[in-house]
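**Q** Contents are compact mmCIF, C-alpha atoms and all ligand atoms; file name coords05.txt:
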# COMPACT_ATOMS: atom_id res chain seq x y z
CA MET A 1 37.92 83.38 71.37
CA HIS A 2 35.55 84.16 68.57
CA GLU A 3 37.62 87.22 67.89
CA LEU A 4 40.65 85.01 67.82
CA SER A 5 39.15 82.76 65.18
CA LEU A 6 38.05 85.82 63.28
CA ALA A 7 41.57 87.20 63.52
CA THR A 8 42.97 83.86 62.39
CA SER A 9 40.64 83.70 59.40
CA LEU A 10 41.55 87.25 58.50
CA ILE A 11 45.26 86.54 58.71
CA GLU A 12 44.99 83.35 56.68
CA LEU A 13 43.14 85.20 53.97
CA ALA A 14 45.68 88.03 53.88
CA CYS A 15 48.60 85.59 53.86
CA GLU A 16 47.08 83.74 50.92
CA HIS A 17 46.93 86.94 48.94
CA ALA A 18 50.48 87.77 49.96
CA ALA A 19 51.71 84.41 48.72
CA GLU A 20 49.80 84.73 45.44
CA ASN A 21 51.50 88.04 44.85
CA GLY A 22 54.98 86.87 45.79
CA ALA A 23 55.04 89.21 48.77
CA SER A 24 57.27 88.69 51.76
CA ARG A 25 55.13 90.62 54.15
CA VAL A 26 51.74 92.18 54.67
CA THR A 27 52.26 95.69 55.98
CA ARG A 28 48.68 96.84 56.23
CA LEU A 29 45.23 95.30 56.23
CA ARG A 30 42.05 97.21 55.68
CA VAL A 31 38.96 95.61 57.11
CA ARG A 32 35.29 96.55 56.94
CA LEU A 33 33.22 95.65 59.97
CA GLY A 34 29.53 96.27 60.42
CA VAL A 35 28.50 97.68 63.79
CA LEU A 36 26.54 94.51 64.41
CA ALA A 37 29.69 92.47 64.11
CA ALA A 38 30.53 94.07 67.46
CA VAL A 39 34.02 92.68 67.48
CA ARG A 40 36.06 95.69 66.55
CA ARG A 41 37.92 96.30 69.78
CA ALA A 42 38.39 92.63 70.36
CA LEU A 43 39.82 92.17 66.90
CA TYR A 44 42.51 94.69 67.70
CA PHE A 45 43.32 92.68 70.82
CA CYS A 46 43.59 89.44 69.01
CA PHE A 47 45.23 90.54 65.83
CA GLU A 48 48.77 90.99 67.04
CA PRO A 49 49.14 87.69 68.89
CA ALA A 50 47.38 85.84 66.10
CA ALA A 51 49.66 87.42 63.49
CA ARG A 52 52.86 86.43 65.23
CA GLY A 53 54.96 84.16 63.08
CA THR A 54 52.93 84.86 59.95
CA ALA A 55 53.48 87.21 57.02
CA CYS A 56 51.08 89.58 58.78
CA GLU A 57 53.27 89.99 61.83
CA GLY A 58 53.65 93.67 62.61
CA ALA A 59 51.09 94.78 60.04
CA VAL A 60 48.83 97.73 60.71
CA LEU A 61 45.19 96.84 61.04
CA GLU A 62 42.76 99.48 59.83
CA ILE A 63 39.10 99.00 60.51
CA ASP A 64 36.28 100.89 58.83
CA GLU A 65 33.08 100.54 60.74
CA VAL A 66 29.87 100.36 58.73
CA PRO A 67 26.75 101.83 60.30
CA LEU A 68 23.45 100.01 60.55
CA SER A 69 20.79 100.44 57.90
CA VAL A 70 17.65 98.39 57.41
CA LEU A 71 14.98 97.95 54.77
CA CYS A 72 11.51 99.06 55.82
CA PRO A 73 8.97 96.91 53.97
CA ALA A 74 6.21 99.47 54.57
CA CYS A 75 8.09 102.54 53.35
CA ASP A 76 10.00 100.42 50.82
CA ALA A 77 13.09 102.40 51.70
CA VAL A 78 16.41 101.99 53.44
CA LYS A 79 16.32 103.52 56.93
CA THR A 80 18.59 104.05 59.89
CA PRO A 81 16.99 102.68 63.07
CA SER A 82 17.01 104.92 66.12
CA GLY A 83 19.09 102.44 68.06
CA LEU A 84 21.48 99.66 67.32
CA TYR A 85 19.11 96.94 68.45
CA ASN A 86 15.81 98.54 67.80
CA PHE A 87 14.88 97.00 64.48
CA ARG A 88 11.96 99.23 63.68
CA CYS A 89 11.46 101.83 61.03
CA PRO A 90 12.11 105.28 62.55
CA THR A 91 9.38 106.72 60.33
CA CYS A 92 6.50 104.30 60.58
CA GLY A 93 7.42 101.87 63.36
CA THR A 94 7.20 98.75 61.18
CA PRO A 95 9.54 95.92 62.23
CA THR A 96 12.56 95.86 59.94
CA PRO A 97 14.40 92.58 60.29
CA ARG A 98 16.14 92.97 56.91
CA VAL A 99 19.57 94.40 57.61
CA VAL A 100 21.04 96.18 54.59
CA THR A 101 24.35 97.23 56.09
CA GLY A 102 25.88 96.61 59.49
CA ARG A 103 26.77 92.92 59.37
CA GLU A 104 29.86 93.18 57.18
CA MET A 105 33.07 91.41 58.08
CA GLN A 106 35.28 91.85 55.05
CA LEU A 107 38.89 92.14 54.13
CA VAL A 108 38.94 95.16 51.84
CA SER A 109 42.58 95.36 50.84
CA VAL A 110 46.12 94.50 51.85
CA GLU A 111 49.31 96.41 51.39
CA LEU A 112 52.18 94.12 50.54
CA ASP A 113 55.94 94.23 50.51
CA ILE A 114 57.04 92.57 47.34
CA PRO A 115 60.78 91.84 47.13
CA GLU A 116 62.72 92.84 44.05
CA ALA A 117 62.99 89.36 42.60
CA ALA A 118 59.25 88.99 42.68
CA SER A 119 58.72 92.56 41.54
CA GLU A 120 60.52 92.00 38.29
CA SER A 121 57.73 89.90 37.02
CA PRO A 122 54.86 91.53 38.78
CA PRO A 123 51.92 89.23 39.19
CA SER A 124 48.43 90.59 39.31
CA ALA A 125 49.07 92.91 42.21
CA HIS A 126 46.04 95.02 41.50
CA ARG A 127 43.64 92.32 40.72
CA SER A 128 40.27 92.68 42.30
CA ASP A 129 38.58 89.52 43.45
CA ASP A 130 35.00 89.34 42.45
CA SER A 131 33.42 89.20 45.86
CA THR A 132 31.84 85.85 45.36
CA SER A 133 30.58 85.35 48.86
CA ALA A 134 28.80 88.51 49.85
CA ARG A 135 26.72 87.80 52.91
CA PRO A 136 23.01 88.34 52.72
CA MET B 1 42.23 99.67 77.29
CA CYS B 2 43.27 97.81 74.21
CA GLY B 3 46.54 96.04 74.77
CA VAL B 4 47.48 96.12 71.13
CA CYS B 5 47.09 99.69 70.02
CA GLY B 6 45.97 101.64 73.05
CA CYS B 7 42.60 102.53 71.63
CA GLY B 8 39.76 101.72 73.91
CA GLU B 9 37.94 103.75 76.47
CA GLY B 10 36.91 106.23 73.84
CA GLU B 11 35.37 103.49 71.76
CA ALA B 12 33.09 102.32 74.48
CA ARG B 13 31.35 105.64 74.35
CA LEU B 14 30.16 105.10 70.82
CA ASP B 15 26.83 104.14 72.30
CA GLY B 16 26.22 101.78 69.47
CA ARG B 17 25.61 104.48 66.94
CA ALA B 18 27.27 106.93 64.68
CA LEU B 19 30.50 105.19 64.17
CA ALA B 20 32.31 107.18 61.72
CA GLN B 21 35.44 105.64 60.41
CA ALA B 22 37.74 104.13 62.90
CA ARG B 23 41.23 104.68 61.70
CA ILE B 24 43.85 103.44 63.99
CA PRO B 25 47.19 104.02 62.35
CA GLY B 26 47.75 107.75 62.54
CA GLU B 27 46.57 108.30 66.04
CA HIS B 28 48.21 105.22 67.45
CA GLY B 29 51.49 105.62 65.76
CA GLY B 30 53.68 105.08 68.77
CA HIS B 31 53.54 101.34 68.81
CA GLY B 32 56.35 99.10 67.88
CA HIS B 33 54.24 97.10 65.51
CA HIS B 34 53.71 99.93 63.07
CA HIS B 35 56.51 99.84 60.62
CA HIS B 36 55.56 102.43 58.12
CA ALA B 37 58.81 102.22 56.33
CA HIS B 38 61.43 99.67 56.91
CA GLY B 39 64.76 100.06 55.34
CA GLN B 40 64.84 97.30 52.84
CA GLY B 41 64.93 99.77 50.03
CA HIS B 42 64.42 97.11 47.40
CA GLY B 43 61.24 95.75 46.07
CA ARG B 44 58.01 97.61 46.20
CA ARG B 45 54.81 98.17 48.06
CA ALA B 46 51.61 97.09 46.43
CA LEU B 47 48.05 97.64 47.44
CA VAL B 48 45.85 94.69 46.59
CA GLU B 49 42.09 95.10 46.56
CA ILE B 50 40.43 92.03 47.97
CA GLU B 51 36.81 92.64 49.06
CA GLN B 52 36.27 89.21 50.49
CA ASP B 53 34.31 88.08 53.53
CA ILE B 54 36.60 87.19 56.38
CA LEU B 55 34.52 84.12 57.12
CA SER B 56 34.11 83.18 53.45
CA LYS B 57 35.71 79.79 53.98
CA ASN B 58 33.31 78.95 56.75
CA ASP B 59 30.40 80.25 54.70
CA ALA B 60 31.41 78.08 51.76
CA ASP B 61 31.63 75.01 54.00
CA ALA B 62 28.25 75.90 55.48
CA ALA B 63 26.73 76.10 52.01
CA THR B 64 28.11 72.63 51.26
CA ASN B 65 26.62 71.28 54.48
CA ARG B 66 23.29 72.91 53.71
CA ALA B 67 23.17 71.31 50.28
CA ARG B 68 23.98 67.91 51.73
CA PHE B 69 21.35 68.26 54.46
CA GLY B 70 18.87 69.30 51.80
CA GLU B 71 19.60 66.27 49.61
CA ARG B 72 18.50 64.01 52.43
CA GLY B 73 15.58 66.10 53.64
CA ILE B 74 17.34 66.57 56.92
CA LEU B 75 16.19 69.23 59.34
CA ALA B 76 19.31 70.68 60.95
CA LEU B 77 18.88 72.77 64.09
CA ASN B 78 21.75 74.68 65.63
CA LEU B 79 21.11 74.94 69.37
CA VAL B 80 22.78 77.89 70.99
CA SER B 81 22.72 79.19 74.55
CA SER B 82 24.93 80.21 77.40
CA PRO B 83 26.54 77.36 79.33
CA GLY B 84 24.04 75.38 81.34
CA ALA B 85 20.82 76.80 79.89
CA GLY B 86 19.66 73.24 79.36
CA LYS B 87 20.48 72.30 75.76
CA THR B 88 21.44 68.72 76.52
CA THR B 89 18.58 68.21 78.94
CA LEU B 90 16.15 69.52 76.34
CA LEU B 91 17.67 67.18 73.77
CA THR B 92 17.47 64.06 75.92
CA ALA B 93 13.83 64.85 76.75
CA THR B 94 13.14 65.47 73.06
CA ILE B 95 14.80 62.26 71.94
CA GLU B 96 12.87 60.20 74.44
CA THR B 97 9.62 61.47 72.93
CA LEU B 98 10.56 61.44 69.25
CA LYS B 99 12.21 58.03 69.38
CA GLY B 100 10.42 55.67 67.05
CA SER B 101 8.51 58.41 65.24
CA LEU B 102 11.33 60.47 63.75
CA PRO B 103 14.98 59.56 63.16
CA VAL B 104 17.18 61.76 65.33
CA ALA B 105 20.93 62.33 65.33
CA VAL B 106 23.01 64.73 67.37
CA ILE B 107 26.29 66.54 66.90
CA GLU B 108 27.57 67.66 70.29
CA GLY B 109 29.98 70.54 70.58
CA ASP B 110 31.87 71.15 73.80
CA GLN B 111 35.29 72.49 74.55
CA GLU B 112 36.15 69.34 76.52
CA THR B 113 34.62 66.01 77.58
CA ALA B 114 32.25 63.60 75.88
CA ASN B 115 29.69 63.83 78.69
CA ASP B 116 26.96 65.34 76.57
CA ALA B 117 27.28 62.84 73.74
CA ASP B 118 27.14 60.07 76.33
CA ARG B 119 23.92 61.56 77.73
CA ILE B 120 22.44 61.68 74.21
CA ARG B 121 23.34 58.06 73.48
CA ALA B 122 21.89 57.00 76.81
CA ALA B 123 18.66 58.69 75.73
CA GLY B 124 18.65 56.57 72.59
CA ALA B 125 19.96 58.66 69.71
CA ARG B 126 23.11 58.54 67.65
CA ALA B 127 25.64 61.18 68.56
CA VAL B 128 29.05 62.49 67.62
CA GLN B 129 31.01 64.62 70.03
CA ILE B 130 33.16 67.45 68.78
CA ASN B 131 35.64 68.89 71.24
CA THR B 132 36.68 72.33 70.19
CA GLY B 133 39.49 72.69 72.74
CA ARG B 134 40.19 76.39 72.95
CA GLY B 135 37.59 77.21 70.34
CA CYS B 136 34.35 78.50 71.74
CA HIS B 137 32.06 77.65 68.85
CA LEU B 138 31.55 75.02 66.18
CA ASP B 139 32.52 75.73 62.61
CA ALA B 140 31.04 74.39 59.40
CA HIS B 141 34.07 72.37 58.42
CA THR B 142 34.08 70.30 61.61
CA VAL B 143 30.34 69.84 61.42
CA GLY B 144 30.75 68.50 57.89
CA HIS B 145 33.07 65.79 59.19
CA ALA B 146 30.74 64.95 62.03
CA PHE B 147 27.92 64.66 59.51
CA ASP B 148 30.00 62.21 57.46
CA SER B 149 30.53 59.97 60.41
CA LEU B 150 26.86 60.05 61.39
CA ALA B 151 25.60 59.50 57.84
CA PRO B 152 22.01 60.15 58.90
CA GLU B 153 19.16 58.60 56.96
CA ILE B 154 16.67 60.60 54.91
CA GLY B 155 14.31 62.72 56.99
CA THR B 156 16.50 62.78 60.09
CA VAL B 157 16.23 65.60 62.55
CA LEU B 158 19.83 66.61 63.15
CA PHE B 159 20.42 68.57 66.31
CA ILE B 160 23.70 70.41 66.56
CA GLU B 161 24.39 71.43 70.15
CA ASN B 162 26.81 74.31 69.92
CA VAL B 163 29.35 75.22 72.59
CA GLY B 164 27.68 77.09 75.45
CA ASN B 165 28.35 80.70 74.48
CA LEU B 166 25.99 83.48 73.48
CA VAL B 167 28.47 85.43 71.39
CA CYS B 168 30.61 83.47 68.98
CA PRO B 169 28.28 80.85 67.52
CA ALA B 170 26.14 83.66 66.07
CA ALA B 171 28.74 84.46 63.42
CA PHE B 172 29.47 80.91 62.30
CA ASP B 173 26.93 79.44 59.94
CA LEU B 174 27.00 75.66 60.15
CA GLY B 175 24.57 75.06 57.30
CA GLU B 176 21.64 74.64 59.67
CA ASP B 177 18.04 75.35 58.72
CA HIS B 178 17.46 77.31 61.91
CA LYS B 179 19.26 78.52 64.96
CA VAL B 180 17.36 77.88 68.16
CA ALA B 181 18.37 80.09 71.08
CA ILE B 182 17.71 78.65 74.51
CA LEU B 183 17.39 81.07 77.38
CA SER B 184 16.83 79.77 80.88
CA VAL B 185 14.90 81.80 83.40
CA ALA B 186 17.84 81.65 85.77
CA GLU B 187 19.85 83.93 83.49
CA GLY B 188 17.96 87.20 83.66
CA GLU B 189 15.56 88.62 81.12
CA ASP B 190 17.99 91.13 79.64
CA LYS B 191 20.11 88.53 77.81
CA PRO B 192 18.54 89.21 74.41
CA LEU B 193 19.60 92.83 74.68
CA LYS B 194 23.07 91.99 75.94
CA TYR B 195 23.70 89.33 73.30
CA PRO B 196 21.54 90.63 70.48
CA ASP B 197 23.36 88.91 67.63
CA MET B 198 22.37 85.51 68.86
CA PHE B 199 18.73 86.37 69.28
CA ALA B 200 18.68 88.25 66.00
CA ALA B 201 20.02 85.17 64.23
CA ALA B 202 17.61 82.70 65.84
CA GLU B 203 14.28 81.61 64.41
CA LEU B 204 13.03 80.36 67.75
CA MET B 205 13.72 81.21 71.36
CA VAL B 206 13.07 78.45 73.86
CA LEU B 207 12.49 79.86 77.30
CA ASN B 208 13.63 76.95 79.46
CA LYS B 209 13.40 76.06 83.16
CA ILE B 210 10.00 77.68 83.64
CA ASP B 211 9.56 75.32 86.58
CA LEU B 212 11.96 77.65 88.38
CA LEU B 213 9.87 80.79 87.83
CA PRO B 214 8.48 80.81 91.38
CA TYR B 215 12.02 80.95 92.74
CA VAL B 216 13.72 83.49 90.53
CA GLU B 217 13.05 87.07 89.60
CA PHE B 218 12.36 86.72 85.94
CA ASP B 219 9.61 88.27 83.91
CA PRO B 220 9.05 86.06 80.84
CA ASP B 221 7.00 88.71 79.04
CA ARG B 222 9.78 91.19 79.38
CA ALA B 223 12.35 88.68 78.13
CA ILE B 224 10.16 88.06 75.09
CA GLU B 225 9.68 91.77 74.51
CA TYR B 226 13.46 92.23 74.57
CA ALA B 227 13.96 89.35 72.16
CA ARG B 228 11.42 90.86 69.75
CA ARG B 229 13.18 94.17 69.91
CA VAL B 230 16.22 92.60 68.33
CA ASN B 231 14.21 90.16 66.23
CA PRO B 232 10.57 91.08 65.67
CA GLN B 233 9.84 87.72 64.05
CA ILE B 234 11.32 85.37 66.60
CA ALA B 235 9.00 82.56 67.70
CA VAL B 236 8.93 81.73 71.40
CA ILE B 237 8.19 78.53 73.27
CA ARG B 238 8.13 78.43 77.07
CA LEU B 239 8.94 75.08 78.56
CA SER B 240 10.61 73.06 81.23
CA ALA B 241 12.87 70.31 80.00
CA ARG B 242 12.73 68.89 83.51
CA THR B 243 8.96 68.69 84.10
CA GLY B 244 7.92 68.42 80.46
CA GLU B 245 5.61 71.42 80.66
CA GLY B 246 5.46 73.12 77.27
CA MET B 247 7.24 70.26 75.50
CA PRO B 248 4.35 69.51 73.09
CA ALA B 249 4.68 72.95 71.47
CA TRP B 250 8.40 72.35 70.93
CA LEU B 251 7.81 68.88 69.48
CA ASP B 252 5.15 70.27 67.13
CA TRP B 253 7.53 72.96 65.99
CA ILE B 254 10.15 70.31 65.21
CA ARG B 255 7.70 68.05 63.38
CA GLN B 256 6.47 70.90 61.22
CA ALA B 257 9.98 72.07 60.40
CA SER B 258 10.99 68.50 59.60
CA GLU B 259 8.03 68.09 57.26
CA ARG B 260 9.04 71.28 55.47
CA ALA B 261 12.58 69.94 55.05
CA LEU B 262 11.25 66.70 53.60
CA ARG B 263 8.83 68.47 51.27
CA ALA B 264 11.63 70.69 50.00
CA ARG B 265 13.63 67.57 49.19
CA THR B 266 10.74 65.89 47.41
CA ALA B 267 10.17 69.06 45.41
CA SER B 268 13.78 69.23 44.32
CA VAL B 269 14.07 65.52 43.57
CA ALA B 270 10.87 65.55 41.50
N1 LIG C 1 14.99 73.14 87.06
C1 LIG C 1 15.38 72.88 85.82
N2 LIG C 1 16.66 72.52 85.59
C2 LIG C 1 17.02 72.26 84.32
C3 LIG C 1 16.12 72.33 83.24
N3 LIG C 1 16.79 72.03 82.11
C4 LIG C 1 18.06 71.78 82.47
N4 LIG C 1 18.21 71.90 83.80
C5 LIG C 1 19.42 71.72 84.61
O1 LIG C 1 20.37 72.70 84.21
C6 LIG C 1 21.71 72.13 84.28
C7 LIG C 1 22.42 72.30 82.96
O2 LIG C 1 21.73 71.56 81.97
P1 LIG C 1 22.42 71.05 80.64
O3 LIG C 1 21.34 70.36 79.86
O4 LIG C 1 23.64 70.29 80.93
O5 LIG C 1 22.77 72.43 79.97
P2 LIG C 1 23.61 72.69 78.63
O6 LIG C 1 23.03 73.91 78.03
O7 LIG C 1 23.63 71.47 77.80
O8 LIG C 1 25.05 72.98 79.21
P3 LIG C 1 26.44 73.07 78.39
O9 LIG C 1 26.41 72.01 77.33
O10 LIG C 1 27.47 72.80 79.43
O11 LIG C 1 26.50 74.45 77.86
C8 LIG C 1 21.54 70.68 84.68
O12 LIG C 1 21.73 70.58 86.06
C9 LIG C 1 20.10 70.39 84.30
O13 LIG C 1 19.54 69.38 85.09
C10 LIG C 1 14.77 72.70 83.53
O14 LIG C 1 13.90 72.81 82.66
N5 LIG C 1 14.47 72.97 84.83
MG MG C 2 25.23 70.46 76.94
ZN ZN C 3 8.77 102.61 57.46
Represent the structure contained in this file as C-alpha cells.
Ligand SMILES: Nc1nc2c(ncn2[C@@H]2O[C@H](COP(=O)(O)OP(=O)(O)OP(=O)(O)O)[C@@H](O)[C@H]2O)c(=O)[nH]1
Ligand SMILES: [Mg+2]
Ligand SMILES: [Zn+2]

**A**
Amino acid sequence: MHELSLATSLIELACEHAAENGASRVTRLRVRLGVLAAVRRALYFCFEPAARGTACEGAVLEIDEVPLSVLCPACDAVKTPSGLYNFRCPTCGTPTPRVVTGREMQLVSVELDIPEAASESPPSAHRSDDSTSARP
Amino acid sequence: MCGVCGCGEGEARLDGRALAQARIPGEHGGHGHHHHAHGQGHGRRALVEIEQDILSKNDADAATNRARFGERGILALNLVSSPGAGKTTLLTATIETLKGSLPVAVIEGDQETANDADRIRAAGARAVQINTGRGCHLDAHTVGHAFDSLAPEIGTVLFIENVGNLVCPAAFDLGEDHKVAILSVAEGEDKPLKYPDMFAAAELMVLNKIDLLPYVEFDPDRAIEYARRVNPQIAVIRLSARTGEGMPAWLDWIRQASERALRARTASVA
C-alpha cells in the first residue's frame, strides 16, 4: 500500500508537469530510487493500476537505482558500507549513520506528448525545477 | 514475478548491493503498455527535467506541522510498530502516569475502527482518531488536520500512533520530533534486520512485553544488536506495558524530550 501511495504521489507530480506544459500524455517517467527506498519492484507493480485513467496511463516507468554511500566521521570521507544494512565504515569500523546517497525517491524527468495546438506556443518545456525539497 | 513488466526474479538476487542501473524499457518491450510511438503524427515529444522528490508534498506538510509543533513547545512522537506490538497499551499506561503532570494528546491512526481512540479517552487523554481506510500509514496532511482539531496547549506531549505496519510509515514524515519503534518480544529478534528502514529512522526502540520473555524464544541482546546494526545510535528501553516493569525509564525519556521541546520554544520566542 505504501508503494501505491508512492505511485500515486509520483503520478500526481508527473500529471501536474504535463498539465503545466499543455501535454496530453506522459509517455515516460524517469525515477531515481535509493537502494534504501527498497520499493523498486513494488513500484512497478503499483504503477500501472495507479496510472489508469490519468495522463500517465500506459507510460513507461524507468527506475535508476542509487547505491548506498555513507559519511564516515572518523575518516571524514564518503564510503560504501560492506552491506546494505551494516552502517559502519568499511575502513575503520566507525558507525556511519549519515547516509549520503541511497535514500532518494525522486522524479527525474518526464517525456510528454504535446499536441500541435499546444506546441505552437511552446511553454517552458525544458524548464528545470530548482529541487527545493532535497531530502537530508 | 512482477505483474506489470515481467521483471522480478532476477531482481531479488541483487543481494542488496551493487545495483547498477535498472532500465526496464528495452528489455521488457513486449508489454502492451509501452507505446514507443503512437501514430498521432502531430504535436511533439518533449523531455522535461524535474528533479523533485516524489514525496515532496508530504515533506512540505510535515515541515509545516513541525513548525507548528515547535511554536507551542510540543513534543511530537510518532509511534510505529507492527500490528499488536502494544502501542495503544503503552500509551494508556503512559497517560495514566503522566496525567496531571504533563498535558498529553493523542492522534490515533488505524485503517478502521475508533477502538484505540476510545481506549485513550478512557485512560484520560484527548484523542483524535484517523481512519486511513486502505492506506497503511498516516501522512502529514491528515495529521495537520487532526492537530487542528486537538489544538493542544503549550508543552503538550503529542503521541501519534501510526497504523500498525513496519514498512510504510518509515517513509512518511509527519513532522514529529522522533519516531519511536516498538518491538514486542513475541515478534522475533530479527525484525530490525527485516524492516531496517523503520529502525534506522527511529530515535528509540521500545522492547515491549518483556513479561513474556520466559515463554518465548527471544534474545533481547540480539534484537538490540540487530537494531544497532541498522542504527548505531538508537536508544533502547525494555519494558512491559502490562506489568509496568521498565516504565520509569520510558517516562524519563519522555520528560526529558518534552523539556527539550519547551526549551527550544523559549529560545526561539526570546
Ligand atoms: N503480555 C503483554 N501483553 C501486552 C503488552 N502490551 C500489550 N499487550 C497486549 O498485546 C495486544 C495488542 O496490544 P495493543 O496495545 O492493542 O497493540 P497496538 O500496537 O496498539 O495494535 P494496533 O494498533 O492494532 O497495531 C493486546 O492484547 C495487549 O493487551 C505487554 O507488555 N505484555
Ligand atoms: Mg493500537
Ligand atoms: Zn572510517

**Q** Give me, as an NGL selection string, all polymer residues having an atom no more than 6 Å from stretch 90-105 of chain A, counting all atoms listed in the file and skipping those fewer than 4 positions away in the same chain.

**A** (:A and (32-37 or 66-72 or 81)) or (:B and (53-54))

**Q** Could you please extract the residues within 7 Å of ligand MG 2 (chain C), counting all atoms listed in the file, and hand them back as a list in words?

**A**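 Answer in the requested format: Gly84, Gly86, Lys87, Thr88, Asp116 and Glu161 of chain B.
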
**Q** Tell me which protein, DNA and RNA residues are within 7 Å of stretch 111-114 of chain B, counting only C-alpha atoms, leaving out same-chain ones fewer than 6 positions away, and put them as number ranges by chain.

**A** B: 129, 131-136, 163

**Q** With all atoms listed in the file as the basis for distance, which of B:Phe69, B:Phe199, B:Phe147, B:Phe218 is at the shortest distance from chain A?

**A**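 When distances to chain A are compared using all atoms listed in the file, the smallest one comes from B:Phe199.
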
**Q** Please compute the atom CA of B:Arg222-atom CA of B:Ala181 distance, one decimal, in Å.

**A**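 Taking atom CA of B:Arg222 and atom CA of B:Ala181, their separation equals 16.3 Å.
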
**Q** I'd like the neighbourhood of B:Ala186 as a list in words, where a residue qualifies if any of its atoms comes within 10 Å (using all atoms listed in the file), though same-chain residues fewer than 3 positions away should be ignored.

**A**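 Neighbouring residues, sequence-local ones excluded: Gly84, Ala85, Leu183, Glu189, Asn208, Lys209, Ile210, Leu212, Leu213, Tyr215, Val216, Glu217 and Phe218 of chain B.
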
**Q** Work out how far apart atom CA of B:Arg45 and atom CA of B:Lys57 are and give it in Å to one decimal.

**A**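 Computed distance, atom CA of B:Arg45 to atom CA of B:Lys57, equals 27.2 Å.
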
**Q** As an mmCIF file, in the coordinates of the input, could you write out stretch 172-177 of chain B once it has been completed with all heavy atoms?

**A**
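result-v4.cif, freshly written:
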data_model
loop_
_atom_site.group_PDB
_atom_site.id
_atom_site.type_symbol
_atom_site.label_atom_id
_atom_site.label_comp_id
_atom_site.auth_asym_id
_atom_site.auth_seq_id
_atom_site.Cartn_x
_atom_site.Cartn_y
_atom_site.Cartn_z
ATOM 1 N N PHE B 172 29.007 82.062 63.065
ATOM 2 C CA PHE B 172 29.470 80.910 62.300
ATOM 3 C C PHE B 172 28.295 80.060 61.832
ATOM 4 O O PHE B 172 27.719 79.285 62.581
ATOM 5 C CB PHE B 172 30.462 80.082 63.129
ATOM 6 C CG PHE B 172 31.781 80.782 63.270
ATOM 7 C CD1 PHE B 172 31.954 81.790 64.203
ATOM 8 C CD2 PHE B 172 32.833 80.473 62.431
ATOM 9 C CE1 PHE B 172 33.159 82.470 64.309
ATOM 10 C CE2 PHE B 172 34.039 81.144 62.521
ATOM 11 C CZ PHE B 172 34.200 82.143 63.470
ATOM 12 N N ASP B 173 27.964 80.241 60.573
ATOM 13 C CA ASP B 173 26.930 79.440 59.940
ATOM 14 C C ASP B 173 27.424 78.006 59.844
ATOM 15 O O ASP B 173 28.570 77.767 59.436
ATOM 16 C CB ASP B 173 26.690 80.027 58.534
ATOM 17 C CG ASP B 173 25.551 79.342 57.806
ATOM 18 O OD1 ASP B 173 24.887 78.471 58.396
ATOM 19 O OD2 ASP B 173 25.335 79.700 56.628
ATOM 20 N N LEU B 174 26.590 77.063 60.234
ATOM 21 C CA LEU B 174 27.000 75.660 60.150
ATOM 22 C C LEU B 174 26.282 74.947 59.007
ATOM 23 O O LEU B 174 26.539 73.782 58.745
ATOM 24 C CB LEU B 174 26.688 74.939 61.475
ATOM 25 C CG LEU B 174 27.289 75.573 62.741
ATOM 26 C CD1 LEU B 174 26.879 74.774 63.977
ATOM 27 C CD2 LEU B 174 28.812 75.650 62.630
ATOM 28 N N GLY B 175 25.393 75.667 58.344
ATOM 29 C CA GLY B 175 24.570 75.060 57.300
ATOM 30 C C GLY B 175 23.218 74.633 57.828
ATOM 31 O O GLY B 175 22.445 73.969 57.134
ATOM 32 N N GLU B 176 22.904 75.030 59.043
ATOM 33 C CA GLU B 176 21.640 74.640 59.670
ATOM 34 C C GLU B 176 20.450 75.302 58.978
ATOM 35 O O GLU B 176 20.599 76.324 58.323
ATOM 36 C CB GLU B 176 21.634 75.050 61.150
ATOM 37 C CG GLU B 176 21.519 76.557 61.408
ATOM 38 C CD GLU B 176 22.859 77.291 61.416
ATOM 39 O OE1 GLU B 176 23.905 76.627 61.327
ATOM 40 O OE2 GLU B 176 22.835 78.535 61.483
ATOM 41 N N ASP B 177 19.260 74.697 59.186
ATOM 42 C CA ASP B 177 18.040 75.350 58.720
ATOM 43 C C ASP B 177 17.695 76.514 59.651
ATOM 44 O O ASP B 177 17.290 77.575 59.202
ATOM 45 C CB ASP B 177 16.872 74.355 58.728
ATOM 46 C CG ASP B 177 17.073 73.264 57.697
ATOM 47 O OD1 ASP B 177 16.771 73.512 56.524
ATOM 48 O OD2 ASP B 177 17.561 72.178 58.062
#
